[in-house]
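K.L.:
File follows, input29.csv with CSV, C-alpha atoms and all ligand atoms:
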chain,number,residue,atom,x,y,z
A,2,MET,CA,-46.7,140.6,108.4
A,3,ARG,CA,-45.3,143.9,107.1
A,4,ILE,CA,-44.3,143.4,103.5
A,5,GLY,CA,-41.9,145.4,101.4
A,6,ILE,CA,-42.3,145.3,97.6
A,7,ILE,CA,-39.2,145.8,95.3
A,8,GLY,CA,-40.3,147.1,91.9
A,9,THR,CA,-43.6,148.8,91.3
A,10,GLY,CA,-44.2,148.2,87.6
A,11,VAL,CA,-47.1,146.2,86.3
A,12,MET,CA,-46.5,143.2,88.5
A,13,GLY,CA,-45.3,145.0,91.7
A,14,ALA,CA,-48.3,147.4,91.6
A,15,PHE,CA,-50.7,144.5,91.1
A,16,HIS,CA,-49.2,142.6,94.1
A,17,ALA,CA,-49.4,145.8,96.2
A,18,ARG,CA,-53.1,146.1,95.4
A,19,LEU,CA,-53.8,142.4,96.0
A,20,LEU,CA,-51.9,142.4,99.3
A,21,HIS,CA,-53.7,145.6,100.5
A,22,GLU,CA,-57.2,144.8,99.4
A,23,GLU,CA,-57.5,141.0,99.1
A,24,VAL,CA,-55.0,139.3,101.4
A,25,SER,CA,-55.5,139.0,105.2
A,26,GLY,CA,-52.9,139.2,107.9
A,27,THR,CA,-50.6,141.6,106.1
A,28,VAL,CA,-49.9,145.3,105.4
A,29,VAL,CA,-47.8,146.7,102.6
A,30,ALA,CA,-45.2,148.6,104.7
A,31,ALA,CA,-43.0,149.9,101.9
A,32,VAL,CA,-42.1,149.8,98.2
A,33,ALA,CA,-38.8,150.5,96.5
A,34,ASP,CA,-38.4,151.7,92.9
A,35,PRO,CA,-35.9,154.1,91.3
A,36,ASP,CA,-38.9,155.6,89.5
A,37,PRO,CA,-40.5,157.8,92.2
A,38,GLU,CA,-43.8,158.3,90.2
A,39,ARG,CA,-44.4,154.5,90.0
A,40,ALA,CA,-43.4,154.0,93.7
A,41,GLY,CA,-45.7,156.9,94.7
A,42,ALA,CA,-48.6,155.6,92.6
A,43,ALA,CA,-48.3,152.1,94.0
A,44,VAL,CA,-48.7,153.3,97.6
A,45,ALA,CA,-51.0,156.2,97.0
A,46,ALA,CA,-54.0,154.3,98.3
A,47,ILE,CA,-52.1,152.5,101.1
A,48,PRO,CA,-52.0,154.4,104.4
A,49,GLY,CA,-48.6,154.5,106.1
A,50,ALA,CA,-46.7,152.7,103.3
A,51,ARG,CA,-43.3,154.3,102.6
A,52,ALA,CA,-41.6,154.6,99.2
A,53,PHE,CA,-37.9,154.1,98.9
A,54,ALA,CA,-35.7,154.7,95.8
A,55,ASP,CA,-33.3,152.0,96.8
A,56,ALA,CA,-34.1,148.3,97.3
A,57,GLY,CA,-31.2,147.9,99.8
A,58,GLU,CA,-32.8,150.4,102.1
A,59,LEU,CA,-36.2,148.6,102.0
A,60,ILE,CA,-34.5,145.2,102.7
A,61,ALA,CA,-32.7,146.6,105.7
A,62,HIS,CA,-35.6,148.5,107.1
A,63,PRO,CA,-36.8,147.2,110.5
A,64,ASP,CA,-40.4,147.8,109.6
A,65,VAL,CA,-40.2,145.3,106.8
A,66,ASP,CA,-40.7,141.7,107.9
A,67,ALA,CA,-40.8,140.1,104.5
A,68,VAL,CA,-39.9,141.1,100.9
A,69,LEU,CA,-41.6,140.5,97.6
A,70,ILE,CA,-39.3,141.0,94.6
A,71,ALA,CA,-41.0,142.2,91.4
A,72,SER,CA,-38.1,144.1,89.8
A,73,PRO,CA,-36.7,143.3,86.3
A,74,ASP,CA,-35.6,139.7,85.9
A,75,ALA,CA,-31.9,140.4,85.7
A,76,LEU,CA,-31.9,141.9,89.3
A,77,HIS,CA,-33.6,138.9,91.0
A,78,ALA,CA,-30.6,136.9,92.0
A,79,GLU,CA,-28.7,139.8,93.5
A,80,GLN,CA,-31.7,141.1,95.4
A,81,THR,CA,-32.6,137.6,96.7
A,82,LEU,CA,-29.0,137.2,98.0
A,83,ALA,CA,-29.4,140.6,99.8
A,84,CYS,CA,-32.7,139.3,101.4
A,85,ILE,CA,-31.1,136.1,102.5
A,86,ALA,CA,-28.2,138.0,104.0
A,87,ALA,CA,-30.8,140.1,105.9
A,88,GLY,CA,-32.6,136.9,107.0
A,89,LYS,CA,-35.9,138.1,105.6
A,90,PRO,CA,-38.5,135.7,104.1
A,91,THR,CA,-38.7,136.5,100.4
A,92,LEU,CA,-41.1,135.8,97.5
A,93,CYS,CA,-39.2,136.3,94.3
A,94,GLU,CA,-41.0,136.7,91.0
A,95,LYS,CA,-39.8,134.3,88.3
A,96,PRO,CA,-37.1,133.8,87.2
A,97,LEU,CA,-34.8,133.1,90.1
A,98,ALA,CA,-31.8,133.9,88.0
A,99,TYR,CA,-30.6,134.4,84.5
A,100,SER,CA,-27.8,131.9,84.6
A,101,VAL,CA,-27.1,128.5,86.2
A,102,ALA,CA,-24.1,130.1,88.0
A,103,GLU,CA,-26.3,132.8,89.6
A,104,ALA,CA,-29.0,130.3,90.6
A,105,ASP,CA,-26.3,128.1,92.2
A,106,ARG,CA,-25.0,131.1,94.2
A,107,VAL,CA,-28.5,131.8,95.5
A,108,LEU,CA,-29.0,128.1,96.3
A,109,ALA,CA,-25.7,127.9,98.2
A,110,ALA,CA,-26.4,131.1,100.2
A,111,HIS,CA,-29.9,129.8,101.0
A,112,ARG,CA,-28.7,126.4,102.2
A,113,ALA,CA,-26.0,128.1,104.3
A,114,ALA,CA,-28.6,130.4,105.9
A,115,VAL,CA,-31.4,128.0,106.6
A,116,GLY,CA,-30.0,124.5,106.5
A,117,ASP,CA,-33.0,122.1,107.2
A,118,GLY,CA,-35.1,124.9,108.8
A,119,ILE,CA,-38.1,126.7,107.2
A,120,PRO,CA,-37.0,128.0,103.8
A,121,LEU,CA,-36.6,131.8,103.5
A,122,VAL,CA,-37.0,132.1,99.7
A,123,HIS,CA,-39.9,131.1,97.5
A,124,GLN,CA,-40.5,131.6,93.9
A,125,GLY,CA,-43.6,133.2,92.2
A,126,PHE,CA,-44.8,130.3,90.0
A,127,MET,CA,-48.4,131.2,90.6
A,128,ARG,CA,-50.0,128.8,88.2
A,129,ARG,CA,-49.5,126.2,91.0
A,130,PHE,CA,-52.3,128.1,92.8
A,131,ASP,CA,-54.6,128.6,89.8
A,132,PRO,CA,-57.8,126.6,90.6
A,133,GLY,CA,-57.8,125.1,87.0
A,134,TYR,CA,-54.2,123.8,87.2
A,135,VAL,CA,-54.8,122.5,90.7
A,136,ALA,CA,-57.9,120.6,89.6
A,137,GLN,CA,-56.0,119.3,86.5
A,138,LYS,CA,-53.1,118.0,88.7
A,139,ARG,CA,-55.5,116.4,91.1
A,140,GLU,CA,-57.4,114.6,88.4
A,141,VAL,CA,-54.2,113.3,86.7
A,142,ALA,CA,-52.6,112.3,90.1
A,143,SER,CA,-55.8,110.3,90.9
A,144,GLY,CA,-54.5,107.7,88.4
A,145,VAL,CA,-58.0,106.9,87.1
A,146,HIS,CA,-57.0,107.7,83.6
A,147,GLY,CA,-53.7,105.8,83.8
A,148,ARG,CA,-50.3,107.3,83.7
A,149,PRO,CA,-49.7,110.7,82.1
A,150,VAL,CA,-47.9,110.3,78.8
A,151,MET,CA,-47.7,113.9,77.4
A,152,VAL,CA,-48.5,117.5,78.4
A,153,HIS,CA,-49.3,120.2,75.9
A,154,SER,CA,-48.8,123.6,77.4
A,155,VAL,CA,-49.7,126.6,75.3
A,156,GLY,CA,-48.9,130.2,76.1
A,157,ARG,CA,-50.2,132.9,73.7
A,158,GLY,CA,-50.1,136.7,74.3
A,159,VAL,CA,-51.1,139.9,72.4
A,160,ALA,CA,-47.6,141.3,72.0
A,161,THR,CA,-44.2,141.1,73.6
A,162,GLY,CA,-42.9,144.1,75.5
A,163,PRO,CA,-40.1,146.3,74.3
A,164,GLY,CA,-36.6,144.8,74.3
A,165,ALA,CA,-37.7,141.2,74.3
A,166,THR,CA,-35.1,138.8,73.0
A,167,ASP,CA,-35.1,135.1,72.0
A,168,GLU,CA,-33.3,134.4,75.4
A,169,SER,CA,-35.5,136.7,77.5
A,170,VAL,CA,-38.8,135.2,76.4
A,171,ILE,CA,-37.6,131.8,77.5
A,172,PHE,CA,-36.5,133.0,80.9
A,173,ASN,CA,-39.5,135.4,81.3
A,174,SER,CA,-42.4,133.6,79.7
A,175,ALA,CA,-41.7,129.9,78.8
A,176,ILE,CA,-40.4,129.5,82.3
A,177,HIS,CA,-44.0,129.2,83.6
A,178,ASP,CA,-44.5,126.2,81.3
A,179,ILE,CA,-41.1,124.9,82.2
A,180,ASP,CA,-42.2,124.9,85.9
A,181,ILE,CA,-45.8,123.7,85.4
A,182,VAL,CA,-45.1,120.7,83.1
A,183,PRO,CA,-42.9,118.7,85.6
A,184,TRP,CA,-45.3,119.9,88.4
A,185,LEU,CA,-48.2,118.3,86.6
A,186,LEU,CA,-46.3,115.1,85.9
A,187,GLY,CA,-44.6,114.9,89.2
A,188,SER,CA,-41.3,114.3,87.4
A,189,PRO,CA,-38.3,116.6,86.6
A,190,VAL,CA,-37.2,117.7,83.2
A,191,VAL,CA,-34.1,115.9,82.1
A,192,ALA,CA,-33.7,117.2,78.5
A,193,VAL,CA,-35.1,120.0,76.4
A,194,SER,CA,-34.9,121.1,72.7
A,195,TRP,CA,-36.0,124.3,71.1
A,196,HIS,CA,-37.6,124.9,67.6
A,197,ALA,CA,-39.1,128.0,66.1
A,198,SER,CA,-41.6,128.6,63.3
A,199,ALA,CA,-40.3,130.6,60.4
A,200,VAL,CA,-43.7,132.2,60.0
A,201,HIS,CA,-44.6,135.0,62.5
A,202,PRO,CA,-48.2,135.8,63.3
A,203,GLY,CA,-47.6,139.3,64.7
A,204,ALA,CA,-45.8,142.4,63.6
A,205,GLY,CA,-44.5,142.8,67.1
A,206,SER,CA,-42.4,139.6,66.6
A,207,GLY,CA,-39.7,141.8,64.9
A,208,SER,CA,-36.5,139.8,64.9
A,209,LEU,CA,-37.7,137.3,67.5
A,210,SER,CA,-37.7,133.6,66.5
A,211,GLU,CA,-41.2,133.1,67.5
A,212,PRO,CA,-43.6,131.3,67.9
A,213,PHE,CA,-41.4,128.6,69.3
A,214,LEU,CA,-41.8,125.1,70.7
A,215,LEU,CA,-39.9,123.5,73.5
A,216,LEU,CA,-39.9,119.7,73.7
A,217,LEU,CA,-39.5,118.6,77.3
A,218,ARG,CA,-38.4,115.1,78.2
A,219,THR,CA,-39.1,114.3,81.9
A,220,ALA,CA,-37.5,111.6,84.0
A,221,ASP,CA,-40.7,109.5,83.8
A,222,GLY,CA,-40.1,109.1,80.1
A,223,ALA,CA,-43.0,111.4,79.0
A,224,LEU,CA,-42.4,113.9,76.2
A,225,SER,CA,-44.2,117.2,76.4
A,226,THR,CA,-44.7,120.3,74.2
A,227,VAL,CA,-44.6,123.9,75.2
A,228,GLU,CA,-45.8,126.4,72.6
A,229,ASN,CA,-45.1,130.1,73.2
A,230,ALA,CA,-46.7,132.5,70.7
A,231,LEU,CA,-46.3,135.8,72.5
A,232,ASN,CA,-47.3,138.0,69.5
A,233,ALA,CA,-50.4,136.1,68.7
A,234,GLN,CA,-52.4,139.4,68.8
A,235,TYR,CA,-55.9,137.9,69.4
A,236,GLY,CA,-55.6,137.7,73.2
A,237,TYR,CA,-54.0,136.2,76.3
A,238,ASP,CA,-54.7,132.5,75.9
A,239,MET,CA,-53.2,129.8,78.2
A,240,ARG,CA,-54.0,126.2,77.5
A,241,SER,CA,-53.0,123.0,79.2
A,242,GLU,CA,-53.8,119.4,78.3
A,243,VAL,CA,-52.4,116.2,79.9
A,244,LEU,CA,-52.8,113.1,77.8
A,245,CYS,CA,-53.0,110.0,80.0
A,246,GLU,CA,-53.0,106.3,79.0
A,247,ARG,CA,-56.8,106.2,78.9
A,248,GLY,CA,-58.0,109.8,78.9
A,249,ALA,CA,-57.1,113.4,78.6
A,250,VAL,CA,-57.4,116.2,81.2
A,251,SER,CA,-57.6,119.8,79.9
A,252,ILE,CA,-58.2,123.1,81.6
A,253,THR,CA,-61.2,124.8,80.1
A,254,GLU,CA,-60.9,128.5,79.6
A,255,PRO,CA,-62.1,130.3,82.7
A,256,HIS,CA,-64.6,132.5,81.0
A,257,ARG,CA,-66.7,134.3,83.5
A,258,ILE,CA,-69.5,135.3,81.2
A,259,ALA,CA,-70.8,134.6,77.7
A,260,VAL,CA,-72.7,137.3,75.9
A,261,SER,CA,-75.5,136.2,73.5
A,262,ALA,CA,-76.7,138.8,71.1
A,263,GLY,CA,-77.3,139.4,67.4
A,264,LEU,CA,-77.6,135.7,66.5
A,265,SER,CA,-74.2,134.9,68.0
A,266,GLN,CA,-72.5,134.2,71.3
A,267,ARG,CA,-69.1,135.4,72.4
A,268,THR,CA,-66.8,135.1,75.4
A,269,HIS,CA,-64.0,137.4,76.2
A,270,LEU,CA,-60.2,136.9,76.2
A,271,PRO,CA,-58.1,139.1,78.5
A,272,GLU,CA,-55.4,141.3,77.2
A,273,ASP,CA,-52.8,140.1,79.7
A,274,PHE,CA,-52.1,137.8,82.6
A,275,ARG,CA,-53.7,139.8,85.4
A,276,PRO,CA,-57.4,138.9,84.9
A,277,ARG,CA,-56.7,135.3,83.9
A,278,PHE,CA,-54.5,134.6,87.0
A,279,ALA,CA,-55.9,137.1,89.6
A,280,ASP,CA,-57.2,134.2,91.7
A,281,ALA,CA,-53.8,132.4,91.5
A,282,TYR,CA,-51.8,135.5,92.6
A,283,ARG,CA,-54.3,136.1,95.5
A,284,LEU,CA,-54.2,132.5,96.7
A,285,GLU,CA,-50.4,132.3,96.3
A,286,LEU,CA,-49.9,135.6,98.4
A,287,GLN,CA,-52.4,134.4,101.0
A,288,GLU,CA,-50.6,131.1,101.5
A,289,TRP,CA,-47.3,132.9,101.8
A,290,VAL,CA,-48.5,135.4,104.3
A,291,SER,CA,-50.5,132.8,106.3
A,292,ALA,CA,-47.6,130.3,106.5
A,293,LEU,CA,-45.2,133.0,107.6
A,294,GLY,CA,-47.6,134.1,110.3
A,295,GLU,CA,-48.1,130.5,111.5
A,296,GLY,CA,-44.4,129.7,111.5
A,297,ARG,CA,-44.6,126.9,108.9
A,298,ALA,CA,-43.1,126.4,105.4
A,299,PRO,CA,-45.3,128.0,102.7
A,300,THR,CA,-46.4,125.6,100.0
A,301,LEU,CA,-45.2,127.9,97.2
A,302,ALA,CA,-42.6,126.8,94.7
A,303,THR,CA,-39.2,126.6,96.5
A,304,VAL,CA,-35.9,128.1,95.7
A,305,GLU,CA,-34.9,124.7,94.4
A,306,ASP,CA,-37.8,124.7,92.0
A,307,GLY,CA,-36.7,128.1,90.8
A,308,ALA,CA,-33.1,126.9,90.3
A,309,ARG,CA,-34.3,123.8,88.4
A,310,ALA,CA,-36.4,126.0,86.1
A,311,THR,CA,-33.4,128.3,85.5
A,312,ARG,CA,-31.4,125.2,84.5
A,313,VAL,CA,-34.0,124.1,82.0
A,314,ALA,CA,-34.3,127.6,80.6
A,315,ALA,CA,-30.5,127.8,80.2
A,316,ALA,CA,-30.5,124.4,78.5
A,317,ALA,CA,-33.3,125.6,76.1
A,318,VAL,CA,-31.2,128.6,75.2
A,319,GLU,CA,-28.3,126.3,74.5
A,320,SER,CA,-30.5,124.2,72.3
A,321,MET,CA,-31.7,127.3,70.4
A,322,ARG,CA,-28.0,128.2,69.7
A,323,SER,CA,-27.2,124.7,68.5
A,324,GLY,CA,-30.0,124.3,66.0
A,325,GLY,CA,-32.6,122.5,68.2
A,326,ALA,CA,-30.5,119.6,69.6
A,327,PHE,CA,-31.7,118.0,72.8
A,328,VAL,CA,-29.7,119.4,75.7
A,329,GLN,CA,-29.5,117.4,78.9
A,330,VAL,CA,-30.5,119.1,82.2
A,331,GLU,CA,-28.6,118.3,85.3
A,332,ALA,CA,-30.4,118.6,88.7
A,333,PRO,CA,-29.1,121.4,90.9
A,334,ARG,CA,-26.5,120.1,93.3
B,1,LIG,N1,-45.7,135.6,87.8
B,1,LIG,C1,-46.1,136.2,86.7
B,1,LIG,O1,-47.0,135.8,86.1
B,1,LIG,C2,-45.5,137.5,86.3
B,1,LIG,C3,-46.1,138.3,85.4
B,1,LIG,C4,-45.5,139.5,85.0
B,1,LIG,C5,-44.3,139.9,85.5
B,1,LIG,N2,-43.7,139.0,86.3
B,1,LIG,C6,-42.3,139.3,86.8
B,1,LIG,O2,-42.4,140.5,87.6
B,1,LIG,C7,-41.2,141.3,87.4
B,1,LIG,C8,-41.6,142.7,87.0
B,1,LIG,O3,-42.3,142.6,85.8
B,1,LIG,P1,-43.1,143.9,85.3
B,1,LIG,O4,-43.9,143.4,84.2
B,1,LIG,O5,-43.8,144.5,86.5
B,1,LIG,O6,-42.0,144.9,84.8
B,1,LIG,P2,-42.1,146.4,84.8
B,1,LIG,O7,-41.0,146.9,83.9
B,1,LIG,O8,-43.5,146.9,84.6
B,1,LIG,O9,-41.7,146.9,86.3
B,1,LIG,C9,-40.4,146.7,86.8
B,1,LIG,C10,-40.2,147.8,87.8
B,1,LIG,O10,-38.9,147.6,88.5
B,1,LIG,C11,-38.3,148.9,88.7
B,1,LIG,N3,-36.9,148.8,88.9
B,1,LIG,C12,-35.9,148.8,88.0
B,1,LIG,N4,-34.7,148.7,88.7
B,1,LIG,C13,-35.0,148.5,90.0
B,1,LIG,C14,-34.2,148.3,91.2
B,1,LIG,N5,-32.9,148.3,91.2
B,1,LIG,N6,-34.9,148.2,92.4
B,1,LIG,C15,-36.2,148.3,92.4
B,1,LIG,N7,-37.0,148.4,91.4
B,1,LIG,C16,-36.4,148.6,90.2
B,1,LIG,C17,-38.7,149.7,87.4
B,1,LIG,O11,-38.5,151.1,87.6
B,1,LIG,C18,-40.1,149.2,87.2
B,1,LIG,O12,-41.0,150.1,87.9
B,1,LIG,C19,-40.4,140.6,86.4
B,1,LIG,O13,-39.4,139.8,87.0
B,1,LIG,C20,-41.4,139.6,85.7
B,1,LIG,O14,-40.8,138.5,85.2
B,1,LIG,C21,-44.2,137.9,86.8
The structure given in the file should be rewritten as structure tokens.
P.N.:
Amino acid sequence: MRIGIIGTGVMGAFHARLLHEEVSGTVVAAVADPDPERAGAAVAAIPGARAFADAGELIAHPDVDAVLIASPDALHAEQTLACIAAGKPTLCEKPLAYSVAEADRVLAAHRAAVGDGIPLVHQGFMRRFDPGYVAQKREVASGVHGRPVMVHSVGRGVATGPGATDESVIFNSAIHDIDIVPWLLGSPVVAVSWHASAVHPGAGSGSLSEPFLLLLRTADGALSTVENALNAQYGYDMRSEVLCERGAVSITEPHRIAVSAGLSQRTHLPEDFRPRFADAYRLELQEWVSALGEGRAPTLATVEDGARATRVAAAAVESMRSGGAFVQVEAPR
């Protein structure tokens, strides 16, 4: 499987390294990025890989069998449509789109292209491959603790990147929680409301209304919380707890080591998502590549999952603009 990667920033370069060093059955054939230095650096250690300035050239190139989109969020829908038109299997980083209309355009084009056949497009919701979340879902689904009644999903980071807005942090960051809560519950989100703290923990918060909480109502009747505190300063800290009728299932922090010294013991928090979710990205990429090679549908999040998450994110933005009212979420048609 010869893969072309669009966008060689933090995420694209990380995917390139994982595909080259840790995923079997694939080669990185090409990358595309308007920044030649980044593109060159991403393929410097990958023999034979080409660097393009233009994503269209990469998508059309006959040496590229499948495309991984890791460009800025706002370009995903347009580039995914180009991949569908070229008939190339595509793994698009989240979000699928920045508006319901764009997501619907991708869905319609995808349906027209593949019908009931093997889907072409999948979405990079890698938490679904994280061993902690997989074990948590399995334990909840076993039913031994009764029905799940509430999920608490917490996402904290050191600092937001430049240019973050109240809208972009929902589509870019909270979208992971927006996907994982209904995945854990096995029930889609039907309504969402948004609330922010008036006290900010980090200087980087600037004019952002953050930390914020989303309340997610799922079709099973459960009410769940999503906390995003992206300028929490102290480290990258993801938490997830599912409260069930007779028990609770939490992911324990995946500390690799604890250091005992000087009459204390400490563990380490990563600075960003890469160390925390390295296994999840690797397992997600391996499943994508293996399934494409075997001619079966990959078990990654689907384009429908991506469109559903976009709908919830758009409804959260609407709630934010209307003072925190619950906004209903329609299923994609
Ligand atoms: N799944 C996850 O956990 C996760 C984590 C981080 C980022 N992401 C996603 O990955 C994507 C990239 O994020 P990032 O942090 O690497 O951003 P980044 O800004 O570091 O990198 C984006 C890259 O895309 C390039 N680019 C800009 N326009 C382009 C175009 N027209 N064609 C090709 N490349 C273009 C930029 O030059 C830059 O190198 C985003 O969509 C983000 O949401 C996902």
K.L.:
Could you tell me, counting all atoms listed in the file, which protein and nucleic acid residues lie no more than 9 Å from ligand LIG 1 (chain B), written as a PDB file with C-alpha atoms, keeping the file's coordinate frame?
P.N.:
ATOM      1  CA  ILE A   6     -42.300 145.300  97.600  1.00  0.00           C
ATOM      2  CA  ILE A   7     -39.200 145.800  95.300  1.00  0.00           C
ATOM      3  CA  GLY A   8     -40.300 147.100  91.900  1.00  0.00           C
ATOM      4  CA  THR A   9     -43.600 148.800  91.300  1.00  0.00           C
ATOM      5  CA  GLY A  10     -44.200 148.200  87.600  1.00  0.00           C
ATOM      6  CA  VAL A  11     -47.100 146.200  86.300  1.00  0.00           C
ATOM      7  CA  MET A  12     -46.500 143.200  88.500  1.00  0.00           C
ATOM      8  CA  GLY A  13     -45.300 145.000  91.700  1.00  0.00           C
ATOM      9  CA  ALA A  14     -48.300 147.400  91.600  1.00  0.00           C
ATOM     10  CA  PHE A  15     -50.700 144.500  91.100  1.00  0.00           C
ATOM     11  CA  VAL A  32     -42.100 149.800  98.200  1.00  0.00           C
ATOM     12  CA  ALA A  33     -38.800 150.500  96.500  1.00  0.00           C
ATOM     13  CA  ASP A  34     -38.400 151.700  92.900  1.00  0.00           C
ATOM     14  CA  PRO A  35     -35.900 154.100  91.300  1.00  0.00           C
ATOM     15  CA  ASP A  36     -38.900 155.600  89.500  1.00  0.00           C
ATOM     16  CA  PRO A  37     -40.500 157.800  92.200  1.00  0.00           C
ATOM     17  CA  GLU A  38     -43.800 158.300  90.200  1.00  0.00           C
ATOM     18  CA  ARG A  39     -44.400 154.500  90.000  1.00  0.00           C
ATOM     19  CA  ALA A  40     -43.400 154.000  93.700  1.00  0.00           C
ATOM     20  CA  PHE A  53     -37.900 154.100  98.900  1.00  0.00           C
ATOM     21  CA  ALA A  54     -35.700 154.700  95.800  1.00  0.00           C
ATOM     22  CA  ASP A  55     -33.300 152.000  96.800  1.00  0.00           C
ATOM     23  CA  ALA A  56     -34.100 148.300  97.300  1.00  0.00           C
ATOM     24  CA  GLY A  57     -31.200 147.900  99.800  1.00  0.00           C
ATOM     25  CA  ILE A  70     -39.300 141.000  94.600  1.00  0.00           C
ATOM     26  CA  ALA A  71     -41.000 142.200  91.400  1.00  0.00           C
ATOM     27  CA  SER A  72     -38.100 144.100  89.800  1.00  0.00           C
ATOM     28  CA  PRO A  73     -36.700 143.300  86.300  1.00  0.00           C
ATOM     29  CA  ASP A  74     -35.600 139.700  85.900  1.00  0.00           C
ATOM     30  CA  ALA A  75     -31.900 140.400  85.700  1.00  0.00           C
ATOM     31  CA  LEU A  76     -31.900 141.900  89.300  1.00  0.00           C
ATOM     32  CA  HIS A  77     -33.600 138.900  91.000  1.00  0.00           C
ATOM     33  CA  GLN A  80     -31.700 141.100  95.400  1.00  0.00           C
ATOM     34  CA  CYS A  93     -39.200 136.300  94.300  1.00  0.00           C
ATOM     35  CA  GLU A  94     -41.000 136.700  91.000  1.00  0.00           C
ATOM     36  CA  LYS A  95     -39.800 134.300  88.300  1.00  0.00           C
ATOM     37  CA  PRO A  96     -37.100 133.800  87.200  1.00  0.00           C
ATOM     38  CA  LEU A  97     -34.800 133.100  90.100  1.00  0.00           C
ATOM     39  CA  GLN A 124     -40.500 131.600  93.900  1.00  0.00           C
ATOM     40  CA  GLY A 125     -43.600 133.200  92.200  1.00  0.00           C
ATOM     41  CA  PHE A 126     -44.800 130.300  90.000  1.00  0.00           C
ATOM     42  CA  MET A 127     -48.400 131.200  90.600  1.00  0.00           C
ATOM     43  CA  ARG A 128     -50.000 128.800  88.200  1.00  0.00           C
ATOM     44  CA  GLY A 162     -42.900 144.100  75.500  1.00  0.00           C
ATOM     45  CA  PHE A 172     -36.500 133.000  80.900  1.00  0.00           C
ATOM     46  CA  ASN A 173     -39.500 135.400  81.300  1.00  0.00           C
ATOM     47  CA  SER A 174     -42.400 133.600  79.700  1.00  0.00           C
ATOM     48  CA  HIS A 177     -44.000 129.200  83.600  1.00  0.00           C
ATOM     49  CA  ASP A 273     -52.800 140.100  79.700  1.00  0.00           C
ATOM     50  CA  PHE A 274     -52.100 137.800  82.600  1.00  0.00           C
ATOM     51  CA  ARG A 275     -53.700 139.800  85.400  1.00  0.00           C
ATOM     52  CA  PHE A 278     -54.500 134.600  87.000  1.00  0.00           C
ATOM     53  CA  TYR A 282     -51.800 135.500  92.600  1.00  0.00           C
TER      54      TYR A 282
END
K.L.:
Could you pull the residues within 12 Å of region 100-110 of chain A, counting only C-alpha atoms, minus those fewer than 5 positions along the same chain, as a compact mmCIF listing (two decimals) with C-alpha atoms, in the frame of the given file?
P.N.:
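The result, written out as part35.txt:
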# COMPACT_ATOMS: atom_id res chain seq x y z
CA ASP A 74 -35.60 139.70 85.90
CA ALA A 75 -31.90 140.40 85.70
CA LEU A 76 -31.90 141.90 89.30
CA HIS A 77 -33.60 138.90 91.00
CA ALA A 78 -30.60 136.90 92.00
CA GLU A 79 -28.70 139.80 93.50
CA GLN A 80 -31.70 141.10 95.40
CA THR A 81 -32.60 137.60 96.70
CA LEU A 82 -29.00 137.20 98.00
CA ALA A 83 -29.40 140.60 99.80
CA CYS A 84 -32.70 139.30 101.40
CA ILE A 85 -31.10 136.10 102.50
CA ALA A 86 -28.20 138.00 104.00
CA ALA A 87 -30.80 140.10 105.90
CA GLY A 88 -32.60 136.90 107.00
CA CYS A 93 -39.20 136.30 94.30
CA LYS A 95 -39.80 134.30 88.30
CA VAL A 115 -31.40 128.00 106.60
CA GLY A 116 -30.00 124.50 106.50
CA PRO A 120 -37.00 128.00 103.80
CA LEU A 121 -36.60 131.80 103.50
CA VAL A 122 -37.00 132.10 99.70
CA HIS A 123 -39.90 131.10 97.50
CA GLU A 168 -33.30 134.40 75.40
CA SER A 169 -35.50 136.70 77.50
CA PHE A 172 -36.50 133.00 80.90
CA THR A 303 -39.20 126.60 96.50
CA VAL A 304 -35.90 128.10 95.70
CA GLU A 305 -34.90 124.70 94.40
CA ASP A 306 -37.80 124.70 92.00
CA GLY A 307 -36.70 128.10 90.80
CA ALA A 308 -33.10 126.90 90.30
CA ARG A 309 -34.30 123.80 88.40
CA ALA A 310 -36.40 126.00 86.10
CA THR A 311 -33.40 128.30 85.50
CA ARG A 312 -31.40 125.20 84.50
CA VAL A 313 -34.00 124.10 82.00
CA ALA A 314 -34.30 127.60 80.60
CA ALA A 315 -30.50 127.80 80.20
CA ALA A 316 -30.50 124.40 78.50
CA ALA A 317 -33.30 125.60 76.10
CA VAL A 318 -31.20 128.60 75.20
CA GLU A 319 -28.30 126.30 74.50
CA VAL A 330 -30.50 119.10 82.20
CA GLU A 331 -28.60 118.30 85.30
CA ALA A 332 -30.40 118.60 88.70
CA PRO A 333 -29.10 121.40 90.90
CA ARG A 334 -26.50 120.10 93.30
K.L.:
Name all residues at most 8 Å from Ser154 (chain A) (count all atoms listed in the file; drop same-chain ones fewer than 5 positions away) and give them as a list in words.
P.N.:
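Near neighbours after the sequence-gap exclusion: Asp178, Val182, Ser225, Thr226, Val227, Glu228, Met239, Arg240, Ser241 and Glu242 of chain A.
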K.L.:
I need the residues from that last selection saved to file as a compact mmCIF listing (two decimals), keeping the file's coordinate frame (with C-alpha atoms), if you can.
P.N.:
# COMPACT_ATOMS: atom_id res chain seq x y z
CA ASP A 178 -44.50 126.20 81.30
CA VAL A 182 -45.10 120.70 83.10
CA SER A 225 -44.20 117.20 76.40
CA THR A 226 -44.70 120.30 74.20
CA VAL A 227 -44.60 123.90 75.20
CA GLU A 228 -45.80 126.40 72.60
CA MET A 239 -53.20 129.80 78.20
CA ARG A 240 -54.00 126.20 77.50
CA SER A 241 -53.00 123.00 79.20
CA GLU A 242 -53.80 119.40 78.30
K.L.:
What is the distance, in Å and to one decimal place, between CA of Val260 (chain A) and CA of Gly133 (chain A)?
P.N.:
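Result for CA of Val260 (chain A) versus CA of Gly133 (chain A): 22.2 Å, one decimal.
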K.L.:
Listing only residues of region 168-244 of chain A within 12 Å of region 267-270 of chain A, what is the closest atom pair and its distance in Å (to one decimal) for each, using all atoms listed in the file, sorted by chain and residue number ascending, as JSON lines?
P.N.:
{"residue": "A:Gln234", "atom": "CA", "partner": "A:Leu270", "partner_atom": "CA", "distance": 11.0}
{"residue": "A:Tyr235", "atom": "CA", "partner": "A:Leu270", "partner_atom": "CA", "distance": 8.1}
{"residue": "A:Gly236", "atom": "CA", "partner": "A:Leu270", "partner_atom": "CA", "distance": 5.5}
{"residue": "A:Tyr237", "atom": "CA", "partner": "A:Leu270", "partner_atom": "CA", "distance": 6.2}
{"residue": "A:Asp238", "atom": "CA", "partner": "A:Leu270", "partner_atom": "CA", "distance": 7.0}
{"residue": "A:Met239", "atom": "CA", "partner": "A:Leu270", "partner_atom": "CA", "distance": 10.2}
